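Following: one structure in structure tokens, then a few remarks.
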Amino acid sequence: MASSVDASGEPVPTSAVLMSASKHIAARCRGENVAFLKCKKEDPNPEKCLDKGRQVTRCVLYLLKDLHQKCTKEMDAYAGCMYYNTDEFELCRKDQKEFEKACPLS
């Protein structure tokens, strides 16, 4: 896994990238996620929550782009480790530590 973004600089949200950024996603996209889940709970019609789902997706993609710009090397190393080790956090703690040091949770 070479990079967590494509040639145009857009994030590629593979499972390894999403797992690597999961703590950041939980922190920075919490409001969007809560609104989406609340919508899904209140209305079983999937169409009613499409806009909320788009807001979650937009938040995550913006966050991934931001993380990649701020700590490219560390994010790529952590996501690469997660990819190689099939998303096993325990096998990537060293890379996780470096990533979280370079891009602390805000």
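Identifiers in the structure tokens: chain A, B, ... in order shown; residue index from 1 per chain; ligand index from 1 in order shown.
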
Residues within 10 Å of Thr72 (chain A), only C-alpha atoms, excluding chain neighbours under 2 positions, as a ChimeraX atom specification | /A:3-5,65-70,74-77,99,102-103

Writing out the chosen residues with C-alpha atoms as a tab-separated table (two decimals), in the first residue's frame:
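Below you can see out-v4.tsv, which holds the result:
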chain	number	residue	atom	x	y	z
A	3	SER	CA	-0.43	5.97	-0.13
A	4	SER	CA	-3.80	6.73	1.43
A	5	VAL	CA	-4.63	9.23	-1.34
A	65	LYS	CA	-7.40	14.65	3.38
A	66	ASP	CA	-6.49	16.90	6.31
A	67	LEU	CA	-4.69	14.10	8.17
A	68	HIS	CA	-2.78	13.12	5.05
A	69	GLN	CA	-1.63	16.71	4.49
A	70	LYS	CA	-0.52	17.16	8.11
A	74	GLU	CA	3.05	8.62	9.63
A	75	MET	CA	-0.43	8.07	8.24
A	76	ASP	CA	0.88	6.10	5.27
A	77	ALA	CA	3.08	3.96	7.55
A	99	PHE	CA	0.80	8.64	13.83
A	102	ALA	CA	2.33	13.53	14.58
A	103	CYS	CA	-1.45	14.06	14.36

Could you give me, as a PyMOL selection string, the residues within 12 Å of Tyr83 (chain A), counting only C-alpha atoms and dropping anything in the same chain fewer than 3 positions from it?
-> chain A and resi 1-4+13-20+75-80+86-89+91-92

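Counting only C-alpha atoms and comparing A:Val12, A:Leu63, A:Cys81, A:Leu50, the residue that lies closest to His24 (chain A) is A:Leu63.
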